[in-house]
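**Student:** Data: upload12.txt, compact mmCIF, C-alpha atoms.
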```txt
# COMPACT_ATOMS: atom_id res chain seq x y z
CA MET A 1 102.82 220.69 259.44
CA ALA A 2 105.91 219.08 257.93
CA GLY A 3 105.67 215.64 256.44
CA GLY A 4 107.22 212.51 257.88
CA GLY A 5 110.29 210.64 256.74
CA GLY A 6 110.66 207.80 254.26
CA ALA A 7 112.02 207.27 250.79
CA GLY A 8 109.15 209.03 249.10
CA ARG A 9 108.04 208.99 245.47
CA LYS A 10 110.69 210.99 243.62
CA VAL A 11 109.86 212.44 240.21
CA SER A 12 112.09 214.57 237.99
CA VAL A 13 110.42 217.10 235.70
CA ALA A 14 111.89 219.15 232.87
CA ALA A 15 111.10 222.26 230.84
CA VAL A 16 112.80 222.82 227.50
CA GLN A 17 113.16 226.19 225.79
CA PHE A 18 114.20 227.02 222.23
CA ALA A 19 113.73 229.38 219.31
CA CYS A 20 111.41 228.17 216.55
CA THR A 21 112.04 228.45 212.85
CA ASP A 22 109.11 228.22 210.46
CA VAL A 23 110.20 224.79 209.24
CA GLU A 24 108.25 222.10 211.05
CA SER A 25 110.84 219.34 210.64
CA GLU A 26 113.56 221.53 212.17
CA ASN A 27 111.47 222.38 215.23
CA VAL A 28 110.36 218.80 215.83
CA ALA A 29 113.99 217.67 215.57
CA THR A 30 115.06 220.36 218.05
CA ALA A 31 112.32 219.34 220.47
CA GLU A 32 113.43 215.71 220.24
CA ARG A 33 117.07 216.63 220.82
CA LEU A 34 116.19 218.61 223.94
CA ILE A 35 113.88 215.88 225.25
CA ARG A 36 116.78 213.47 224.89
CA ASP A 37 119.01 215.91 226.78
CA ALA A 38 116.41 216.15 229.54
CA HIS A 39 116.24 212.36 229.73
CA LYS A 40 120.02 212.19 230.10
CA LYS A 41 119.66 214.59 233.04
CA GLY A 42 117.21 212.23 234.69
CA ALA A 43 113.88 213.75 233.70
CA ASN A 44 110.77 211.56 233.86
CA ILE A 45 108.30 214.14 232.49
CA VAL A 46 109.41 216.65 229.84
CA LEU A 47 107.46 219.75 228.79
CA VAL A 48 107.92 221.38 225.38
CA GLN A 49 106.62 224.87 224.60
CA GLU A 50 103.25 225.72 223.03
CA LEU A 51 102.75 225.22 219.27
CA PHE A 52 106.43 224.33 218.85
CA GLU A 53 106.04 222.96 215.30
CA GLY A 54 106.38 226.46 213.85
CA GLN A 55 106.58 230.14 214.56
CA TYR A 56 103.71 231.69 216.51
CA PHE A 57 101.36 232.39 213.59
CA CYS A 58 98.65 234.07 215.69
CA GLN A 59 100.32 237.47 215.20
CA ALA A 60 98.26 237.64 211.99
CA GLN A 61 94.78 236.75 210.80
CA ARG A 62 95.58 234.76 207.67
CA LEU A 63 93.51 232.07 206.00
CA ASP A 64 96.59 230.20 204.80
CA PHE A 65 97.67 229.54 208.37
CA PHE A 66 94.71 227.19 208.85
CA GLN A 67 96.67 224.79 206.64
CA ARG A 68 99.01 224.23 209.60
CA ALA A 69 96.29 222.41 211.54
CA LYS A 70 96.24 218.60 211.62
CA PRO A 71 93.77 216.06 213.00
CA TYR A 72 94.47 214.54 216.41
CA LYS A 73 94.34 210.95 215.23
CA GLY A 74 97.20 210.01 212.94
CA ASN A 75 99.07 213.22 213.71
CA PRO A 76 102.69 212.55 212.63
CA THR A 77 104.26 214.66 215.39
CA ILE A 78 102.24 212.93 218.09
CA ILE A 79 103.15 209.52 216.64
CA ARG A 80 106.84 210.47 216.56
CA PHE A 81 106.77 211.54 220.19
CA GLN A 82 104.87 208.41 221.19
CA LYS A 83 107.81 206.40 219.86
CA LEU A 84 110.27 208.69 221.62
CA ALA A 85 108.38 208.50 224.92
CA LYS A 86 108.38 204.70 224.76
CA GLU A 87 112.09 204.58 223.89
CA LEU A 88 113.14 206.90 226.72
CA GLU A 89 110.36 205.94 229.17
CA VAL A 90 109.40 209.58 229.65
CA VAL A 91 106.05 211.37 229.71
CA ILE A 92 105.65 214.08 227.02
CA PRO A 93 102.73 216.53 226.68
CA VAL A 94 102.66 217.37 222.95
CA SER A 95 101.23 220.75 221.92
CA PHE A 96 99.70 221.04 218.43
CA PHE A 97 97.23 222.94 216.24
CA GLU A 98 94.26 220.59 215.96
CA GLU A 99 91.73 220.33 213.14
CA ALA A 100 88.51 218.52 214.11
CA ASN A 101 86.21 218.56 211.08
CA ASN A 102 85.29 222.27 210.86
CA ALA A 103 86.52 223.15 214.33
CA HIS A 104 90.07 224.08 215.31
CA TYR A 105 91.70 223.88 218.73
CA ASN A 106 94.94 224.74 220.49
CA SER A 107 95.51 221.30 221.95
CA VAL A 108 97.90 219.05 223.82
CA ALA A 109 98.11 215.25 223.71
CA ILE A 110 99.46 213.58 226.85
CA ILE A 111 101.88 210.76 226.01
CA ASP A 112 102.71 208.32 228.79
CA ALA A 113 106.10 206.70 229.36
CA ASP A 114 105.13 203.57 227.42
CA GLY A 115 104.04 205.60 224.39
CA THR A 116 100.33 205.39 225.18
CA ASP A 117 98.26 208.44 224.26
CA LEU A 118 96.34 209.18 227.46
CA GLY A 119 94.04 211.73 225.89
CA LEU A 120 93.57 215.29 224.79
CA TYR A 121 93.23 218.66 226.45
CA ARG A 122 91.96 221.63 224.41
CA LYS A 123 92.86 225.15 225.52
CA SER A 124 89.92 226.66 227.40
CA HIS A 125 90.79 230.37 227.55
CA ILE A 126 91.47 231.89 224.12
CA PRO A 127 93.16 235.33 224.05
CA ASP A 128 92.55 238.06 221.51
CA GLY A 129 94.78 241.12 221.38
CA PRO A 130 97.52 242.71 219.27
CA GLY A 131 100.02 240.02 218.35
CA TYR A 132 98.01 237.26 220.07
CA GLN A 133 94.93 236.92 217.86
CA GLU A 134 94.06 233.36 218.78
CA LYS A 135 90.29 233.73 218.57
CA PHE A 136 90.65 233.91 214.78
CA TYR A 137 92.03 230.37 214.72
CA PHE A 138 90.86 228.47 217.79
CA ASN A 139 87.48 227.42 219.10
CA PRO A 140 87.22 227.51 222.90
CA GLY A 141 88.24 224.13 224.24
CA ASP A 142 85.44 221.71 225.11
CA THR A 143 87.33 219.04 227.06
CA GLY A 144 87.19 220.74 230.43
CA PHE A 145 90.16 220.69 232.77
CA LYS A 146 91.67 217.26 233.33
CA ALA A 147 94.10 215.29 235.44
CA PHE A 148 96.04 212.57 233.63
CA LYS A 149 97.40 209.53 235.48
CA THR A 150 100.87 208.89 234.03
CA LYS A 151 103.48 206.35 235.04
CA TYR A 152 105.23 208.82 237.34
CA ALA A 153 102.55 211.21 238.57
CA THR A 154 99.04 212.48 238.01
CA ILE A 155 99.50 215.69 236.04
CA GLY A 156 97.42 218.64 234.92
CA VAL A 157 98.19 220.55 231.73
CA GLY A 158 96.90 224.02 230.88
CA ILE A 159 97.96 225.97 227.80
CA CYS A 160 99.41 229.50 227.85
CA TRP A 161 96.51 231.91 228.52
CA ASP A 162 95.01 229.26 230.84
CA GLN A 163 97.91 230.01 233.18
CA TRP A 164 96.41 233.38 234.14
CA PHE A 165 93.28 231.76 235.60
CA PRO A 166 93.46 230.33 239.13
CA GLU A 167 90.26 228.39 238.49
CA CYS A 168 92.09 226.27 235.91
CA ALA A 169 94.89 225.31 238.29
CA ARG A 170 92.52 224.61 241.18
CA ALA A 171 90.23 222.48 238.99
CA MET A 172 93.13 220.28 237.91
CA VAL A 173 94.45 219.84 241.43
CA LEU A 174 90.97 219.06 242.77
CA GLN A 175 90.92 216.16 240.29
CA GLY A 176 94.20 214.84 241.68
CA ALA A 177 96.90 216.61 239.67
CA GLU A 178 100.17 216.46 241.59
CA ILE A 179 102.16 218.64 239.17
CA LEU A 180 100.93 221.40 236.85
CA PHE A 181 102.37 221.99 233.37
CA TYR A 182 101.90 225.04 231.14
CA PRO A 183 103.31 225.07 227.57
CA THR A 184 103.49 228.73 226.54
CA ALA A 185 104.21 231.27 223.81
CA ILE A 186 104.54 234.76 225.30
CA GLY A 187 106.79 237.72 224.72
CA SER A 188 106.72 241.39 223.82
CA GLU A 189 103.54 243.29 223.00
CA PRO A 190 103.61 244.64 219.41
CA GLN A 191 101.40 247.61 220.33
CA ASP A 192 103.57 248.68 223.31
CA ASN A 193 107.31 248.08 223.40
CA ASN A 194 107.46 249.26 227.01
CA LEU A 195 105.15 246.52 228.26
CA ASP A 196 107.09 243.56 229.68
CA SER A 197 104.92 240.95 231.37
CA ARG A 198 107.58 238.36 232.24
CA GLU A 199 107.69 238.98 236.00
CA HIS A 200 103.90 239.21 236.25
CA TRP A 201 103.66 236.00 234.20
CA LYS A 202 105.96 234.13 236.55
CA ARG A 203 104.40 235.45 239.74
CA VAL A 204 100.88 234.41 238.72
CA MET A 205 101.97 230.82 238.15
CA GLN A 206 104.10 230.81 241.29
CA GLY A 207 100.85 231.70 243.04
CA HIS A 208 99.10 228.68 241.51
CA ALA A 209 101.88 226.42 242.79
CA GLY A 210 101.77 227.93 246.27
CA ALA A 211 97.98 228.11 246.53
CA ASN A 212 97.63 224.45 245.59
CA LEU A 213 100.89 223.16 247.12
CA VAL A 214 102.04 221.44 243.93
CA PRO A 215 105.13 221.87 241.73
CA LEU A 216 104.59 223.74 238.47
CA VAL A 217 106.48 223.66 235.15
CA ALA A 218 106.28 226.38 232.48
CA SER A 219 107.96 226.15 229.07
CA ASN A 220 108.18 229.22 226.82
CA ARG A 221 109.94 229.91 223.52
CA ILE A 222 112.71 232.40 222.82
CA GLY A 223 113.70 234.38 219.74
CA ARG A 224 112.40 237.20 217.57
CA GLU A 225 109.61 236.23 215.17
CA THR A 226 108.22 238.45 212.41
CA VAL A 227 104.98 237.55 210.64
CA GLU A 228 103.46 239.26 207.62
CA THR A 229 99.97 240.43 208.55
CA GLU A 230 97.17 242.13 206.66
CA HIS A 231 98.51 245.45 207.99
CA GLY A 232 102.22 244.85 207.43
CA GLU A 233 104.82 243.13 209.56
CA SER A 234 104.27 242.22 213.21
CA THR A 235 107.16 241.22 215.47
CA ILE A 236 107.28 239.55 218.87
CA THR A 237 110.42 238.90 220.88
CA PHE A 238 109.63 235.88 223.03
CA PHE A 239 111.12 236.22 226.50
CA GLY A 240 111.76 232.61 227.49
CA ASN A 241 112.14 232.57 231.28
CA SER A 242 110.90 228.98 231.36
CA PHE A 243 110.88 227.84 234.97
CA ILE A 244 110.10 225.17 237.50
CA ALA A 245 108.45 226.19 240.76
CA GLY A 246 108.19 224.19 243.96
CA PRO A 247 105.03 223.63 246.00
CA THR A 248 105.30 226.88 247.95
CA GLY A 249 105.71 228.86 244.74
CA GLU A 250 109.48 229.16 245.01
CA ILE A 251 111.37 229.11 241.70
CA VAL A 252 113.86 226.25 241.78
CA LYS A 253 115.02 226.42 238.14
CA LEU A 254 114.90 229.41 235.77
CA ALA A 255 116.04 229.94 232.17
CA ASN A 256 117.05 233.31 230.76
CA ASP A 257 115.40 235.24 227.92
CA LYS A 258 117.88 234.41 225.13
CA ASP A 259 119.35 230.91 225.37
CA GLU A 260 118.16 227.44 224.54
CA ASP A 261 117.90 225.51 227.77
CA VAL A 262 116.85 222.33 229.53
CA LEU A 263 115.73 222.72 233.14
CA VAL A 264 115.39 219.70 235.43
CA ALA A 265 114.23 219.47 239.05
CA GLU A 266 113.31 216.58 241.31
CA PHE A 267 110.40 216.51 243.75
CA ASP A 268 109.29 214.05 246.41
CA LEU A 269 105.59 213.80 245.69
CA ASP A 270 104.80 211.82 248.83
CA GLU A 271 106.39 214.46 251.04
CA ILE A 272 104.57 217.22 249.14
CA LYS A 273 101.28 215.35 249.46
CA SER A 274 101.75 215.04 253.22
CA ASN A 275 102.49 218.76 253.53
CA ARG A 276 99.53 219.66 251.30
CA HIS A 277 97.16 217.63 253.44
CA GLY A 278 98.62 218.98 256.66
CA TRP A 279 98.33 222.59 255.52
CA GLY A 280 94.54 222.20 255.35
CA ILE A 281 93.75 224.28 252.27
CA PHE A 282 91.69 221.49 250.73
CA ARG A 283 90.15 220.48 254.06
CA ASP A 284 88.89 224.01 254.70
CA ARG A 285 87.47 224.81 251.28
CA ARG A 286 83.84 226.04 251.12
CA PRO A 287 82.46 225.08 247.70
CA ASP A 288 78.99 226.06 248.89
CA LEU A 289 80.16 229.69 249.01
CA TYR A 290 81.83 229.73 245.60
CA LYS A 291 78.74 229.86 243.39
CA VAL A 292 79.61 233.44 242.45
CA LEU A 293 82.52 231.98 240.47
CA LEU A 294 79.98 230.51 238.08
CA THR A 295 78.88 234.01 237.04
CA LEU A 296 80.51 236.57 234.76
CA ASP A 297 79.38 239.67 236.64
CA GLY A 298 79.51 238.52 240.25
CA GLU A 299 75.74 238.65 240.60
CA LYS A 300 74.05 235.56 241.95
CA SER A 301 71.36 234.18 239.69
```
Go ahead and render the structure in this file as structure tokens.
**Tutor:**
Amino acid sequence: MAGGGGAGRKVSVAAVQFACTDVESENVATAERLIRDAHKKGANIVLVQELFEGQYFCQAQRLDFFQRAKPYKGNPTIIRFQKLAKELEVVIPVSFFEEANNAHYNSVAIIDADGTDLGLYRKSHIPDGPGYQEKFYFNPGDTGFKAFKTKYATIGVGICWDQWFPECARAMVLQGAEILFYPTAIGSEPQDNNLDSREHWKRVMQGHAGANLVPLVASNRIGRETVETEHGESTITFFGNSFIAGPTGEIVKLANDKDEDVLVAEFDLDEIKSNRHGWGIFRDRRPDLYKVLLTLDGEKS
């Protein structure tokens, strides 16, 4: 089932990882510095963590935090990274808190290597639990899952909680995504200090890579963040562990849980495509039997 020889279409991907302050200009500058570092290491596509403009505000339900949202069009961070992408000739998915009239979304704009904005993905699965109260801020995304044709590869981008759903990964790959990207903000659980999900988190995404035979890139933040809530202080220690997985789910690059990092790995997309086709997982699919996936309770309508 191995692919044939040839030069192949080589693409280098990167995940960056850093601790966020609550000063937007500092975080944007850090993201730019690390993107430049990734470019120097040969990266063509660089992933920055979820909602990197500030600390993870969803620990609390506070009206003032809605002021952090900005419209998609004219967004100064997106414009800045469009210029950076064009300068470096790199692809950059840009995560941001989007305001759309009276709706709000956890969104990512996909910036191509010439600075073109290829479009928007809005987070589909919105979590709600202690420390991760995103339903207070974000409407469920309405864009559907997408595959974006960039200069270097067709990519799919999910956002954080999306990464726990195999349907999301499969939908993007069915549309032609050759690499999956997941910007993330995940760490400790404020209600249970003994709960550590980092290995579970990695294994689930490794499964997406292996089940779809595509590389996968996950970028997470690090650091300890404390937010004043309506019930007092809430603290999350973000566990980093940003990683790049290969098309059989193997981890090829892994960051630790404390240090700023830039991970870079190269993949031959033509060789991976040949192996994916030869393995037969997309040939042998049975969509006619999957209608149960369109239900919530497993009962056929």
**Student:** Take the point (103.2, 212.5, 217.6) as written in the file and pick out every residue within 10 Å of it, counting all atoms listed in the file; give the list as a ChimeraX atom specification.
**Tutor:** /A:28,72-85,92-96,109,111,115,117
**Student:** Just want the 12 Å neighbourhood of Glu99 (chain A), counted on only C-alpha atoms, with same-chain residues fewer than 6 positions away dropped. Output as a PyMOL selection string.
**Tutor:** chain A and resi 65-75+105-107+122+137-139
**Student:** Record the distance separating CA of Val204 (chain A) and CA of Asp162 (chain A), expressed in Å with one decimal.
**Tutor:**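 Between these atoms lies a distance of 11.1 Å.
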**Student:** Work out how far apart CA of Pro130 (chain A) and CA of Asn102 (chain A) are and give it in Å to one decimal.
**Tutor:**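 Between CA of Pro130 (chain A) and CA of Asn102 (chain A) the gap is 25.3 Å.
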**Student:** What is the distance, in Å and to one decimal place, between CA of Thr237 (chain A) and CA of Phe18 (chain A)?
**Tutor:**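 One can read the CA of Thr237 (chain A) to CA of Phe18 (chain A) distance as 12.5 Å.
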**Student:** With 6 Å on each side, where is the centre of the axis-aligned box around all listed atoms of region 168-181 of chain A, and how long are its edges in Å to one decimal, as AutoDock Vina command-line options?
**Tutor:**
```
--center_x 96.3 --center_y 220.6 --center_z 238.1 --size_x 24.1 --size_y 23.4 --size_z 21.4
```
**Student:** May I have the residues within 9 Å of region 57-62 of chain A as a list in words, using only C-alpha atoms and disregarding those fewer than 6 positions away in the same chain?
**Tutor:** Pro130, Gly131, Tyr132, Gln133, Glu134, Lys135, Phe136, Tyr137, Pro190, Thr226, Val227, Glu228, Thr229, Glu230, His231, Glu233, Ser234, Thr235 and Ile236 of chain A
**Student:** Using only C-alpha atoms, can you tell me which of A:Val48, A:Ala177, A:Ala153, A:Ala14 comes closest to Ala113 (chain A)?
**Tutor:** A:Ala153
**Student:** Find the residue from A:Cys160, A:Leu254, A:Cys20, A:Ile272 that sits nearest to Ala209 (chain A); use only C-alpha atoms when measuring.
**Tutor:**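 The shortest atom-to-atom distance to Ala209 (chain A) comes from A:Ile272.
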